[in-house]
file target-v4.txt (compact mmCIF, C-alpha atoms)
# COMPACT_ATOMS: atom_id res chain seq x y z
CA MET A 43 -4.06 221.60 -51.37
CA GLU A 44 -2.28 218.35 -50.64
CA GLU A 45 -2.59 217.22 -47.04
CA GLN A 46 0.77 216.97 -45.32
CA PRO A 47 1.47 213.80 -43.31
CA LEU A 48 1.49 214.24 -39.58
CA ASP A 49 4.77 213.76 -37.76
CA LEU A 50 3.43 211.27 -35.23
CA GLU A 51 5.44 209.81 -32.41
CA PRO A 52 3.79 206.56 -31.26
CA PRO A 53 3.31 205.88 -27.56
CA ARG A 54 6.27 204.17 -25.91
CA GLY A 55 4.45 200.83 -25.59
CA VAL A 56 3.48 200.85 -29.26
CA ALA A 57 7.02 201.76 -30.28
CA LEU A 58 8.39 198.88 -28.22
CA ALA A 59 5.92 196.44 -29.77
CA TRP A 60 6.98 197.46 -33.28
CA GLY A 61 10.70 197.44 -32.39
CA MET A 62 10.91 201.18 -33.02
CA ALA A 63 12.15 202.16 -29.56
CA ALA A 64 15.86 202.28 -28.92
CA ASP A 65 17.37 199.39 -27.02
CA PRO A 66 18.62 200.18 -23.51
CA GLN A 67 22.26 201.20 -23.42
CA ARG A 68 22.96 199.16 -20.36
CA GLY A 69 21.29 196.65 -18.13
CA PRO A 70 21.89 194.98 -14.78
CA LYS A 71 22.99 191.74 -16.44
CA ARG A 72 23.27 190.38 -19.94
CA GLU A 73 20.49 187.85 -19.17
CA MET A 74 17.91 190.61 -18.71
CA SER A 75 15.81 191.43 -21.77
CA LEU A 76 12.48 192.99 -22.64
CA GLU A 77 11.25 189.59 -23.85
CA ARG A 78 11.99 187.95 -20.50
CA ILE A 79 10.24 190.77 -18.65
CA VAL A 80 7.10 190.44 -20.78
CA ASP A 81 7.10 186.63 -20.51
CA ALA A 82 7.33 186.85 -16.72
CA ALA A 83 4.49 189.38 -16.58
CA VAL A 84 2.28 187.17 -18.76
CA GLN A 85 2.97 184.18 -16.51
CA ILE A 86 1.93 186.19 -13.44
CA ALA A 87 -1.27 187.39 -15.13
CA ASP A 88 -2.14 183.88 -16.35
CA ALA A 89 -1.78 182.54 -12.82
CA ASP A 90 -3.23 185.34 -10.70
CA GLY A 91 -4.89 187.89 -12.96
CA LEU A 92 -3.94 191.31 -14.28
CA GLY A 93 -4.18 192.87 -10.82
CA ALA A 94 -1.24 190.78 -9.63
CA VAL A 95 1.09 192.30 -12.23
CA SER A 96 3.38 195.03 -10.96
CA MET A 97 6.90 196.05 -11.76
CA ALA A 98 7.96 194.79 -8.34
CA ALA A 99 6.26 191.40 -8.84
CA VAL A 100 7.87 190.94 -12.25
CA ALA A 101 11.29 191.93 -10.93
CA ALA A 102 10.96 189.50 -8.03
CA ARG A 103 10.01 186.69 -10.39
CA LEU A 104 13.12 187.34 -12.46
CA GLY A 105 15.39 187.88 -9.47
CA TYR A 106 16.22 191.51 -10.21
CA THR A 107 15.50 194.85 -8.58
CA THR A 108 12.44 196.84 -9.60
CA MET A 109 14.55 199.75 -10.80
CA SER A 110 16.43 197.49 -13.19
CA LEU A 111 13.20 196.84 -15.12
CA TYR A 112 12.72 200.52 -15.85
CA ARG A 113 15.79 200.44 -18.08
CA TYR A 114 13.73 198.26 -20.44
CA VAL A 115 10.12 199.36 -19.94
CA SER A 116 9.46 202.77 -18.45
CA ALA A 117 5.86 202.37 -17.27
CA LYS A 118 3.41 199.65 -16.24
CA GLU A 119 1.01 200.79 -18.97
CA ASP A 120 3.65 200.03 -21.59
CA LEU A 121 4.29 196.62 -20.02
CA ILE A 122 0.57 195.76 -20.14
CA GLN A 123 0.40 196.70 -23.81
CA LEU A 124 3.37 194.44 -24.53
CA MET A 125 1.76 191.65 -22.49
CA GLN A 126 -1.41 191.91 -24.57
CA GLU A 127 0.63 191.79 -27.76
CA GLU A 128 2.55 188.71 -26.58
CA ALA A 129 -0.56 186.87 -25.39
CA THR A 130 -2.51 187.65 -28.56
CA GLY A 131 0.13 186.09 -30.79
CA LEU A 132 -0.16 185.77 -34.54
CA PRO A 133 -3.39 184.53 -36.16
CA PRO A 134 -3.21 180.89 -37.30
CA GLU A 135 -2.39 180.20 -40.93
CA SER A 136 -5.68 178.31 -41.13
CA VAL A 137 -7.45 181.68 -41.45
CA ARG A 138 -5.79 182.37 -44.80
CA GLU A 139 -6.15 178.73 -45.85
CA ALA A 140 -9.90 178.65 -45.15
CA ASP A 141 -12.25 178.00 -48.04
CA GLY A 142 -14.12 181.26 -48.53
CA TRP A 143 -14.66 184.44 -46.57
CA ARG A 144 -17.14 182.93 -44.14
CA ALA A 145 -14.89 180.05 -43.12
CA GLY A 146 -12.02 182.51 -42.74
CA LEU A 147 -13.97 184.77 -40.38
CA VAL A 148 -15.20 181.79 -38.33
CA THR A 149 -11.64 180.50 -38.00
CA ALA A 150 -10.40 183.90 -36.85
CA TYR A 151 -13.33 184.15 -34.43
CA ARG A 152 -12.48 180.80 -32.86
CA ALA A 153 -8.80 181.71 -32.62
CA SER A 154 -9.69 184.99 -30.88
CA VAL A 155 -11.96 183.26 -28.37
CA GLN A 156 -9.18 180.75 -27.65
CA VAL A 157 -6.82 183.63 -26.83
CA TYR A 158 -9.32 184.98 -24.31
CA LEU A 159 -9.73 181.55 -22.72
CA GLU A 160 -5.98 181.08 -22.34
CA HIS A 161 -5.34 184.65 -21.19
CA PRO A 162 -8.62 185.97 -19.69
CA TRP A 163 -6.86 188.95 -18.11
CA ILE A 164 -6.71 190.53 -21.59
CA LEU A 165 -10.42 191.26 -21.16
CA ASP A 166 -9.60 193.43 -18.12
CA ILE A 167 -7.45 195.78 -20.18
CA PRO A 168 -9.46 198.90 -21.09
CA ILE A 169 -10.07 199.48 -24.80
CA THR A 170 -8.42 202.78 -25.70
CA GLY A 171 -8.77 202.69 -29.47
CA SER A 172 -8.08 200.58 -32.53
CA PRO A 173 -5.35 197.93 -32.21
CA VAL A 174 -2.00 199.34 -33.29
CA THR A 175 0.39 196.57 -32.28
CA PRO A 176 1.74 194.01 -34.78
CA ASN A 177 -0.16 190.90 -33.68
CA SER A 178 -3.46 192.73 -33.22
CA ALA A 179 -3.01 194.30 -36.63
CA ALA A 180 -2.23 190.87 -38.09
CA PHE A 181 -5.59 189.53 -36.89
CA MET A 182 -7.39 192.43 -38.56
CA ASP A 183 -5.34 191.97 -41.71
CA VAL A 184 -6.17 188.28 -42.22
CA MET A 185 -9.86 188.92 -41.57
CA LEU A 186 -9.95 191.79 -44.05
CA ASP A 187 -8.07 189.61 -46.51
CA ALA A 188 -10.72 186.91 -46.12
CA LEU A 189 -13.20 189.44 -47.51
CA ALA A 190 -10.90 190.66 -50.28
CA ASP A 191 -12.73 188.83 -53.07
CA THR A 192 -16.18 190.04 -52.03
CA PRO A 193 -17.86 193.10 -53.56
CA LEU A 194 -17.91 194.84 -50.18
CA THR A 195 -16.31 198.26 -49.91
CA GLU A 196 -13.34 198.71 -47.57
CA ASP A 197 -15.65 200.39 -45.05
CA GLU A 198 -18.04 197.44 -45.20
CA ARG A 199 -15.24 194.89 -44.81
CA LEU A 200 -13.97 196.67 -41.72
CA ALA A 201 -17.53 196.81 -40.34
CA ALA A 202 -17.89 193.06 -40.85
CA VAL A 203 -14.57 192.42 -39.11
CA LEU A 204 -15.60 194.60 -36.17
CA GLN A 205 -18.84 192.63 -35.84
CA VAL A 206 -16.98 189.33 -35.66
CA THR A 207 -14.23 190.54 -33.33
CA GLY A 208 -16.80 192.17 -31.06
CA GLN A 209 -18.78 188.94 -30.80
CA ALA A 210 -15.57 187.00 -30.12
CA ARG A 211 -14.68 189.35 -27.28
CA TRP A 212 -18.17 189.08 -25.76
CA TYR A 213 -18.09 185.27 -26.02
CA GLY A 214 -14.63 185.24 -24.45
CA THR A 215 -15.86 187.46 -21.62
CA ILE A 216 -18.71 185.08 -20.79
CA LEU A 217 -16.63 181.91 -21.08
CA ALA A 218 -13.82 183.37 -18.96
CA ALA A 219 -16.30 184.44 -16.27
CA TYR A 220 -17.89 180.99 -16.13
CA SER A 221 -14.47 179.34 -16.03
CA ARG A 222 -13.42 181.57 -13.14
CA GLN A 223 -16.65 180.83 -11.29
CA ALA A 224 -16.17 177.11 -11.82
CA ARG A 225 -12.68 177.26 -10.31
CA GLU A 226 -13.67 179.42 -7.35
CA ARG A 227 -16.80 177.44 -6.49
CA GLY A 228 -15.52 174.00 -7.41
CA MET A 229 -18.43 173.40 -9.80
CA SER A 230 -18.57 171.93 -13.27
CA PRO A 231 -20.14 173.93 -16.13
CA GLU A 232 -23.16 171.60 -15.98
CA GLU A 233 -23.57 172.24 -12.25
CA ILE A 234 -23.37 176.00 -12.81
CA SER A 235 -26.07 175.80 -15.49
CA ALA A 236 -28.30 173.75 -13.19
CA TYR A 237 -27.77 176.24 -10.36
CA GLU A 238 -28.64 179.21 -12.58
CA ASP A 239 -31.74 177.43 -13.86
CA GLN A 240 -32.95 176.84 -10.30
CA LEU A 241 -32.10 180.40 -9.29
CA PHE A 242 -34.04 181.94 -12.17
CA ALA A 243 -36.94 179.57 -11.59
CA SER A 244 -37.17 180.71 -7.96
CA LEU A 245 -36.93 184.44 -8.69
CA ILE A 246 -38.66 185.02 -12.03
CA THR A 247 -42.44 185.15 -11.81
CA ALA A 248 -44.91 184.96 -14.69
CA GLU A 249 -46.75 188.00 -13.33
CA GLU A 250 -43.73 190.30 -13.41
CA TYR A 251 -41.59 188.80 -16.20
CA PRO A 252 -43.93 186.75 -18.39
CA ALA A 253 -41.64 186.33 -21.43
CA LEU A 254 -38.58 185.49 -19.34
CA ARG A 255 -40.60 183.03 -17.27
CA ARG A 256 -41.69 181.22 -20.43
CA ALA A 257 -38.04 180.96 -21.45
CA VAL A 258 -37.09 179.58 -18.04
CA ASP A 259 -39.89 177.02 -18.18
CA ALA A 260 -38.73 176.02 -21.67
CA GLY A 261 -35.34 175.13 -20.18
CA VAL A 262 -33.16 177.73 -21.91
CA PHE A 263 -30.67 177.70 -19.03
CA ARG A 264 -30.35 173.91 -19.26
CA SER A 265 -30.10 173.84 -23.03
CA GLU A 266 -26.93 172.62 -24.71
CA ALA A 267 -27.47 175.01 -27.62
CA ASP A 268 -24.77 177.67 -28.05
CA PRO A 269 -26.46 181.09 -28.25
CA PHE A 270 -23.19 182.74 -29.24
CA ARG A 271 -22.69 180.44 -32.21
CA PHE A 272 -26.29 181.17 -33.19
CA GLY A 273 -25.61 184.90 -33.04
CA LEU A 274 -22.43 184.60 -35.09
CA ASP A 275 -24.12 182.42 -37.71
CA ARG A 276 -27.02 184.84 -38.12
CA THR A 277 -24.60 187.76 -38.40
CA LEU A 278 -22.70 185.95 -41.14
CA ASP A 279 -26.01 185.03 -42.81
CA GLY A 280 -26.82 188.73 -42.97
CA ILE A 281 -23.41 189.58 -44.43
CA ALA A 282 -23.82 186.77 -46.98
CA ALA A 283 -27.23 188.10 -48.02
CA TYR A 284 -25.80 191.60 -48.40
CA ILE A 285 -22.89 190.26 -50.47
CA ALA A 286 -25.39 188.48 -52.73
CA GLU A 287 -27.25 191.76 -53.24
CA ARG A 288 -24.02 193.54 -54.14
CA GLU A 289 -23.04 190.75 -56.54
CA SER A 290 -26.38 191.17 -58.29
CA GLY A 291 -25.55 194.81 -58.97
CA ALA A 292 -27.06 196.61 -55.96
CA ALA A 293 -25.26 199.77 -54.83
CA PRO A 294 -23.65 200.01 -51.39
CA VAL A 295 -26.12 200.93 -48.65
CA PRO A 296 -25.06 204.06 -46.73
CA SER A 297 -24.72 203.40 -43.02
CA ALA A 298 -24.36 206.75 -41.33
CA THR A 299 -24.37 206.66 -37.54
CA TRP A 300 -27.65 207.26 -35.75
CA LEU A 301 -25.89 208.24 -32.52
CA GLU A 302 -25.62 211.99 -32.64
CA PRO A 303 -23.40 213.66 -30.02
CA ALA A 304 -25.10 216.14 -27.72
CA PRO A 305 -24.61 219.76 -28.79
CA ALA A 306 -21.81 221.58 -27.04
CA GLY A 307 -22.78 222.74 -23.56
CA VAL A 308 -25.84 220.49 -23.17
CA ALA A 309 -24.23 217.99 -20.82
CA ASP A 310 -23.15 220.81 -18.51
CA ASP A 311 -26.48 222.67 -18.62
CA LYS A 312 -27.80 223.02 -15.06
CA ARG A 313 -31.49 222.42 -15.84
CA TYR A 314 -30.62 219.40 -17.98
CA ARG A 315 -28.52 217.89 -15.18
CA GLU A 316 -31.35 218.48 -12.71
CA ALA A 317 -33.83 216.79 -15.06
CA ARG A 318 -31.53 213.77 -15.47
CA LYS A 319 -31.15 213.55 -11.71
CA ALA A 320 -34.94 213.61 -11.28
CA VAL A 321 -35.24 210.73 -13.77
CA ARG A 322 -32.66 208.68 -11.85
CA GLU A 323 -34.44 209.33 -8.56
CA ALA A 324 -37.79 208.30 -10.08
CA GLU A 325 -36.23 205.10 -11.44
CA LYS A 326 -34.76 204.38 -8.01
CA ALA A 327 -38.15 204.87 -6.36
CA LEU A 328 -39.77 202.58 -8.96
CA ARG A 329 -37.25 199.82 -8.26
CA ALA A 330 -37.89 200.16 -4.52
CA ALA A 331 -41.65 199.98 -5.07
CA ARG A 332 -41.33 196.87 -7.20
CA ARG A 333 -39.15 195.26 -4.54
CA LEU A 334 -41.85 195.92 -1.96
CA GLU A 335 -44.43 194.51 -4.36
CA ARG A 336 -42.43 191.31 -4.76
CA GLN A 337 -42.07 190.95 -1.00
CA ALA A 338 -45.80 191.53 -0.49
CA LEU A 339 -46.63 188.97 -3.20
CA THR A 340 -44.36 186.38 -1.60
CA GLU A 341 -45.92 186.96 1.83
CA ALA A 342 -49.44 186.82 0.35
CA ARG A 343 -48.67 183.47 -1.26
CA GLN A 344 -47.29 182.16 2.01
CA ARG A 345 -50.42 183.24 3.87
CA ALA A 346 -52.63 181.68 1.21
CA ALA A 347 -50.67 178.43 1.45
CA ARG A 348 -51.03 178.36 5.24
CA ALA A 349 -54.75 179.06 4.95
CA ARG A 350 -55.15 176.11 2.56
CA ARG A 351 -53.24 173.83 4.92
CA ASP A 352 -55.34 174.94 7.91
CA ALA A 353 -58.63 174.55 6.04
call {"tool": "encode", "arguments": {"input": "target-v4.txt", "output": "structure tokens"}}
result
Amino acid sequence: MEEQPLDLEPPRGVALAWGMAADPQRGPKREMSLERIVDAAVQIADADGLGAVSMAAVAARLGYTTMSLYRYVSAKEDLIQLMQEEATGLPPESVREADGWRAGLVTAYRASVQVYLEHPWILDIPITGSPVTPNSAAFMDVMLDALADTPLTEDERLAAVLQVTGQARWYGTILAAYSRQARERGMSPEEISAYEDQLFASLITAEEYPALRRAVDAGVFRSEADPFRFGLDRTLDGIAAYIAERESGAAPVPSATWLEPAPAGVADDKRYREARKAVREAEKALRAARRLERQALTEARQRAARARRDA
């Protein structure tokens, strides 16, 4: 039996982004427009963060009443979705012009990270599903197109794109956080790295965290190496190796999920909830015991140092 298409009505914000929603019949003035409202909201978020955006703040910036905005955008959630779409923009043509799939994905990755650096508030918007607005879809399209000439299946191409976009978002999150810290504390990136190196060196002991202490002593927090570029390169190396296997005639490798949802009713089972609570309490007690151990070790070292000085 042929499956009938669903009669879906997109959310208001999505419909506005695609130009599917009806234009307002009237407005307070001819100069008011949805584009001006979104631009003003983006400017507020760029300057003061997503939390500063409200219908009242946008209206005040434009010189209109709050109620007048609702003739164009009916909810703040819709406005935020339109802000994200505007700030994301279209992917650069250099993605399609890149020489090969790998260069195309790297170019898209860099463009995505740049978006996060210019508009870090995007990272504060909760992820509610796959991107369904034009510019977000355009980024996915050019990245999938970069893989069009590879032997990967459509599922595998999407998986590769998700890997790259996920790493770009994580990199953007870290860079945006460091940039914010630099502004708030009046420190350069080099000064922040030096501070973190000293902080880790003072807190991480070889007895409790031997591997991490070796890394600290090796200067990983002072290193100029980019761990995120390393991670991206190794991810792309793995994709390249898999593509080579497929080109040599190997069949696609099934990749079923290993995360199985809990059977219905398990999460609400009383004995299971009690057992989970007992685990959390035991973990809490263990953390407290380790804190006491660290304090005792510090005091013991201080006493030993005083004894050596007095000897």
call {"tool": "atom_distance", "arguments": {"input": "target-v4.txt", "atom1": "CA of Leu92 in chain A", "atom2": "CA of Ala153 in chain A"}}
result
21.3 Å
call {"tool": "atom_distance", "arguments": {"input": "target-v4.txt", "atom1": "CA of Leu204 in chain A", "atom2": "CA of Ala87 in chain A"}}
result
26.5 Å
call {"tool": "residues_around", "arguments": {"input": "target-v4.txt", "residues": "Tyr213 in chain A", "least_positions_apart": "3", "cutoff": "12 Å", "atoms": "all atoms listed in the file", "output": "list of chain:residue names"}}
result
A:Tyr151, A:Arg152, A:Ala153, A:Ser154, A:Val155, A:Gln156, A:Val157, A:Tyr158, A:Leu159, A:Pro162, A:Leu165, A:Val206, A:Thr207, A:Gly208, A:Gln209, A:Ala210, A:Ile216, A:Leu217, A:Ala218, A:Ala219, A:Tyr220, A:Asp268, A:Pro269, A:Phe270, A:Arg271, A:Phe272, A:Gly273, A:Leu274
call {"tool": "atom_distance", "arguments": {"input": "target-v4.txt", "atom1": "CA of Phe181 in chain A", "atom2": "CA of Leu200 in chain A"}}
result
12.0 Å
call {"tool": "closest_residue", "arguments": {"input": "target-v4.txt", "among": "A:Arg276, A:Arg264, A:His161, A:Arg315", "to": "Ala129 in chain A", "atoms": "all atoms listed in the file"}}
result
A:His161
call {"tool": "residues_near_point", "arguments": {"input": "target-v4.txt", "point": "(0.9, 194.5, -24.3)", "cutoff": "10 Å", "atoms": "all atoms listed in the file", "output": "PDB file with C-alpha atoms, in the frame of the given file"}}
result
ATOM      1  CA  GLY A  55       4.450 200.830 -25.590  1.00  0.00           C
ATOM      2  CA  VAL A  56       3.480 200.850 -29.260  1.00  0.00           C
ATOM      3  CA  LEU A  58       8.390 198.880 -28.220  1.00  0.00           C
ATOM      4  CA  ALA A  59       5.920 196.440 -29.770  1.00  0.00           C
ATOM      5  CA  VAL A  80       7.100 190.440 -20.780  1.00  0.00           C
ATOM      6  CA  ALA A  83       4.490 189.380 -16.580  1.00  0.00           C
ATOM      7  CA  VAL A  84       2.280 187.170 -18.760  1.00  0.00           C
ATOM      8  CA  LYS A 118       3.410 199.650 -16.240  1.00  0.00           C
ATOM      9  CA  GLU A 119       1.010 200.790 -18.970  1.00  0.00           C
ATOM     10  CA  ASP A 120       3.650 200.030 -21.590  1.00  0.00           C
ATOM     11  CA  LEU A 121       4.290 196.620 -20.020  1.00  0.00           C
ATOM     12  CA  ILE A 122       0.570 195.760 -20.140  1.00  0.00           C
ATOM     13  CA  GLN A 123       0.400 196.700 -23.810  1.00  0.00           C
ATOM     14  CA  LEU A 124       3.370 194.440 -24.530  1.00  0.00           C
ATOM     15  CA  MET A 125       1.760 191.650 -22.490  1.00  0.00           C
ATOM     16  CA  GLN A 126      -1.410 191.910 -24.570  1.00  0.00           C
ATOM     17  CA  GLU A 127       0.630 191.790 -27.760  1.00  0.00           C
ATOM     18  CA  GLU A 128       2.550 188.710 -26.580  1.00  0.00           C
ATOM     19  CA  ALA A 129      -0.560 186.870 -25.390  1.00  0.00           C
ATOM     20  CA  THR A 130      -2.510 187.650 -28.560  1.00  0.00           C
ATOM     21  CA  ILE A 164      -6.710 190.530 -21.590  1.00  0.00           C
ATOM     22  CA  ILE A 167      -7.450 195.780 -20.180  1.00  0.00           C
ATOM     23  CA  THR A 175       0.390 196.570 -32.280  1.00  0.00           C
TER      24      THR A 175
END
call {"tool": "residues_around", "arguments": {"input": "target-v4.txt", "residues": "Leu241 in chain A", "least_positions_apart": "6", "cutoff": "12 Å", "atoms": "all atoms listed in the file", "output": "PyMOL selection string"}}
result
chain A and resi 234-235+247+255+258+263
call {"tool": "closest_residue", "arguments": {"input": "target-v4.txt", "among": "A:Leu194, A:Met109, A:Ala224, A:Ala309", "to": "Glu287 in chain A", "atoms": "all atoms listed in the file"}}
result
A:Leu194
call {"tool": "closest_residue", "arguments": {"input": "target-v4.txt", "among": "A:Pro134, A:Ala102, A:Arg350, A:Pro193", "to": "Ala293 in chain A", "atoms": "all atoms listed in the file"}}
result
A:Pro193
